[in-house]
Amino acid sequence: MNNKALSVHEVAELTGITNRTLHYYDEIGLLKPSIVTEAKYRLYTNDDLARLQEILFYREVGFALKEISTLMAAEMYTREEALKRQIQILEAKKERIGALIELVEGRIAGKQEITFEAFSKSKIIELQAKFRSEIIERWGNSKYYEEFEKVFSKKTQKIQQEIWLDFLSWSQVFFEKLSEYKNPGCSDVQDMVMEWQEYISEHFYKCDNQLLSYLGELYISDERFSNYINRFGKNSLANFFNEAIKIFCSGSNK
């Protein structure tokens, strides 16, 4: 990596992250470019890019943006120690990909044995859970994270761990994207409500508009849900989501 400071557009091209996401990271204080020119151009230094790389590592493990910001701002936070703790997870992912490649090559070569071990994510999931608990214990606010763990505790007993972790990962991206919008009735937000409804129906239980409306009220009346949702944006994100659901269920968005 050279010492030239990069523009938002150049960082987006280099990393595959959208301009909008970089602006959002800047807005919430997670990744602010070190240089702002007189013409208001934002430029990222090598240190900024190193921080972005750390953020992406944490995202890979499943942390929310607010959590990442809290952890990286911790007084005793050590970058080198944090990165070392992620190597095992990356090695496990590398091992899984290697096993999948070997499986495909075997099928091409005519091997008839049917096996599914290579598809398993159990080792990765175990390491992610271990990493998460270690990081929270080392730098996190344990009381804050305990509240998060309680949010869907009953549901986790009914579904497989992989499905549960997939939902956590998916919902984090969903709510962080939702927090970027201002109008609950805009077409993009309404499309997201439909996406949420379809995800619940596909993975958990049939979610018609009546049930979706009930869930919207639950998201603001039950602190476990509202605390979870509000982690990913402003404190009123749960209210915003409920308003979007109301509009969707009433059909007034059409």
# chains A, B, ... in the order shown; residues from 1 in each chain; ligands from 1
>>> residues_around(residues="Leu43 in chain A", least_positions_apart="2", cutoff="8 Å", atoms="only C-alpha atoms", output="VMD selection string")
chain A and resid 5 to 8 33 to 37 41 45
>>> write_last_selection(atoms="C-alpha atoms", output="mmCIF file, in the first residue's frame")
data_model
loop_
_atom_site.group_PDB
_atom_site.id
_atom_site.type_symbol
_atom_site.label_atom_id
_atom_site.label_comp_id
_atom_site.auth_asym_id
_atom_site.auth_seq_id
_atom_site.Cartn_x
_atom_site.Cartn_y
_atom_site.Cartn_z
ATOM 1 C CA ALA A 5 -4.223 9.540 0.508
ATOM 2 C CA LEU A 6 -7.242 8.128 -1.328
ATOM 3 C CA SER A 7 -10.581 9.717 -2.105
ATOM 4 C CA VAL A 8 -13.913 8.155 -1.176
ATOM 5 C CA PRO A 33 -11.070 10.223 6.943
ATOM 6 C CA SER A 34 -7.999 11.866 8.423
ATOM 7 C CA ILE A 35 -7.808 14.551 5.749
ATOM 8 C CA VAL A 36 -10.542 16.964 4.686
ATOM 9 C CA THR A 37 -9.370 19.474 2.096
ATOM 10 C CA TYR A 41 -12.870 16.421 -0.248
ATOM 11 C CA THR A 45 -4.645 7.684 4.784
#
>>> closest_residue(among="A:Ala12, A:Leu30, A:Leu100, A:Tyr44", to="Met72 in chain A", atoms="only C-alpha atoms")
A:Leu30
>>> residues_around(residues="Gly185 in chain A", least_positions_apart="2", cutoff="7 Å", atoms="only C-alpha atoms", output="mmCIF file with N, CA and C atoms, in the first residue's frame")
data_model
loop_
_atom_site.group_PDB
_atom_site.id
_atom_site.type_symbol
_atom_site.label_atom_id
_atom_site.label_comp_id
_atom_site.auth_asym_id
_atom_site.auth_seq_id
_atom_site.Cartn_x
_atom_site.Cartn_y
_atom_site.Cartn_z
ATOM 1 N N ASN A 183 -37.310 8.382 5.548
ATOM 2 C CA ASN A 183 -38.754 8.329 5.276
ATOM 3 C C ASN A 183 -39.243 6.889 5.336
ATOM 4 N N SER A 187 -40.116 3.978 -1.123
ATOM 5 C CA SER A 187 -40.197 2.670 -1.776
ATOM 6 C C SER A 187 -39.095 1.719 -1.312
ATOM 7 N N VAL A 189 -37.567 1.590 1.624
ATOM 8 C CA VAL A 189 -37.870 1.098 2.968
ATOM 9 C C VAL A 189 -39.019 0.098 2.923
ATOM 10 N N GLN A 190 -40.025 0.380 2.109
ATOM 11 C CA GLN A 190 -41.159 -0.536 1.991
ATOM 12 C C GLN A 190 -40.730 -1.872 1.389
ATOM 13 N N ALA A 244 -42.751 2.080 9.456
ATOM 14 C CA ALA A 244 -42.646 1.521 8.103
ATOM 15 C C ALA A 244 -43.545 0.301 7.955
ATOM 16 N N ILE A 247 -47.230 1.407 7.633
ATOM 17 C CA ILE A 247 -47.509 1.882 6.270
ATOM 18 C C ILE A 247 -47.648 0.697 5.311
ATOM 19 N N ASN A 253 -48.675 2.662 1.141
ATOM 20 C CA ASN A 253 -47.450 2.919 0.373
ATOM 21 C C ASN A 253 -47.654 2.735 -1.117
#
>>> atom_distance(atom1="CA of Arg231 in chain A", atom2="CA of Arg59 in chain A")
14.6 Å
>>> atom_distance(atom1="CA of Leu65 in chain A", atom2="CA of Asn227 in chain A")
14.5 Å
>>> residues_around(residues="Phe232 in chain A", least_positions_apart="4", cutoff="8 Å", atoms="only C-alpha atoms", output="PyMOL selection string")
chain A and resi 64-66+172+175-176+179+228+237
>>> write_last_selection(atoms="N, CA and C atoms", output="compact mmCIF listing (two decimals), in the first residue's frame")
# COMPACT_ATOMS: atom_id res chain seq x y z
N ALA A 64 -22.02 -5.94 15.19
CA ALA A 64 -22.74 -4.79 14.64
C ALA A 64 -21.81 -3.58 14.62
N LEU A 65 -22.15 -2.58 13.81
CA LEU A 65 -21.28 -1.41 13.69
C LEU A 65 -21.13 -0.68 15.01
N LYS A 66 -22.23 -0.56 15.77
CA LYS A 66 -22.15 0.10 17.07
C LYS A 66 -21.21 -0.65 18.01
N GLN A 172 -28.35 -7.87 11.11
CA GLN A 172 -27.43 -6.77 11.37
C GLN A 172 -27.28 -5.90 10.12
N PHE A 175 -30.69 -3.97 9.49
CA PHE A 175 -30.99 -2.80 10.32
C PHE A 175 -29.99 -1.67 10.10
N GLU A 176 -28.75 -2.01 9.80
CA GLU A 176 -27.78 -0.96 9.51
C GLU A 176 -28.14 -0.24 8.20
N SER A 179 -31.21 2.01 8.87
CA SER A 179 -30.91 3.23 9.62
C SER A 179 -30.45 4.38 8.74
N TYR A 228 -32.31 -4.20 20.90
CA TYR A 228 -31.57 -4.88 19.85
C TYR A 228 -31.57 -4.05 18.56
N LEU A 237 -34.73 3.93 15.96
CA LEU A 237 -34.80 3.05 14.80
C LEU A 237 -35.95 2.05 14.93
>>> atom_distance(atom1="CA of Phe240 in chain A", atom2="CA of Cys186 in chain A")
12.0 Å
>>> select_by_dssp(residues="range 176-241 of chain A", states="helix (DSSP H, G or I)", output="PyMOL selection string")
chain A and resi 176-178+187-203+209-221+223-230+237-241
>>> closest_residue(among="A:Gln86, A:Ile200, A:Arg79, A:Phe174", to="Asp47 in chain A", atoms="only C-alpha atoms")
A:Arg79
>>> residues_around(residues="Leu218 in chain A", least_positions_apart="4", cutoff="12 Å", atoms="only C-alpha atoms", output="list in words")
Val151, Leu211, Leu212, Ser213, Tyr214, Asp222, Glu223, Arg224, Phe225, Ser226, Asn227, Ile229, Ala238, Asn239, Phe241, Asn242 and Ile245 of chain A
>>> write_last_selection(atoms="C-alpha atoms", output="PDB file, in the first residue's frame")
ATOM      1  CA  VAL A 151     -33.318 -10.746  22.846  1.00  0.00           C
ATOM      2  CA  LEU A 211     -48.793 -10.857  12.396  1.00  0.00           C
ATOM      3  CA  LEU A 212     -46.276  -8.435  10.891  1.00  0.00           C
ATOM      4  CA  SER A 213     -48.277  -5.542  12.343  1.00  0.00           C
ATOM      5  CA  TYR A 214     -48.228  -7.226  15.744  1.00  0.00           C
ATOM      6  CA  ASP A 222     -40.666  -4.948  24.386  1.00  0.00           C
ATOM      7  CA  GLU A 223     -37.336  -3.460  25.463  1.00  0.00           C
ATOM      8  CA  ARG A 224     -35.457  -6.593  24.459  1.00  0.00           C
ATOM      9  CA  PHE A 225     -36.442  -6.072  20.828  1.00  0.00           C
ATOM     10  CA  SER A 226     -36.190  -2.275  20.798  1.00  0.00           C
ATOM     11  CA  ASN A 227     -32.739  -2.387  22.450  1.00  0.00           C
ATOM     12  CA  ILE A 229     -32.879  -2.872  16.878  1.00  0.00           C
ATOM     13  CA  ALA A 238     -37.302   0.616  16.352  1.00  0.00           C
ATOM     14  CA  ASN A 239     -40.010   3.303  16.122  1.00  0.00           C
ATOM     15  CA  PHE A 241     -39.257   0.356  11.639  1.00  0.00           C
ATOM     16  CA  ASN A 242     -42.667   0.092  13.309  1.00  0.00           C
ATOM     17  CA  ILE A 245     -44.457  -1.702   8.974  1.00  0.00           C
TER      18      ILE A 245
END
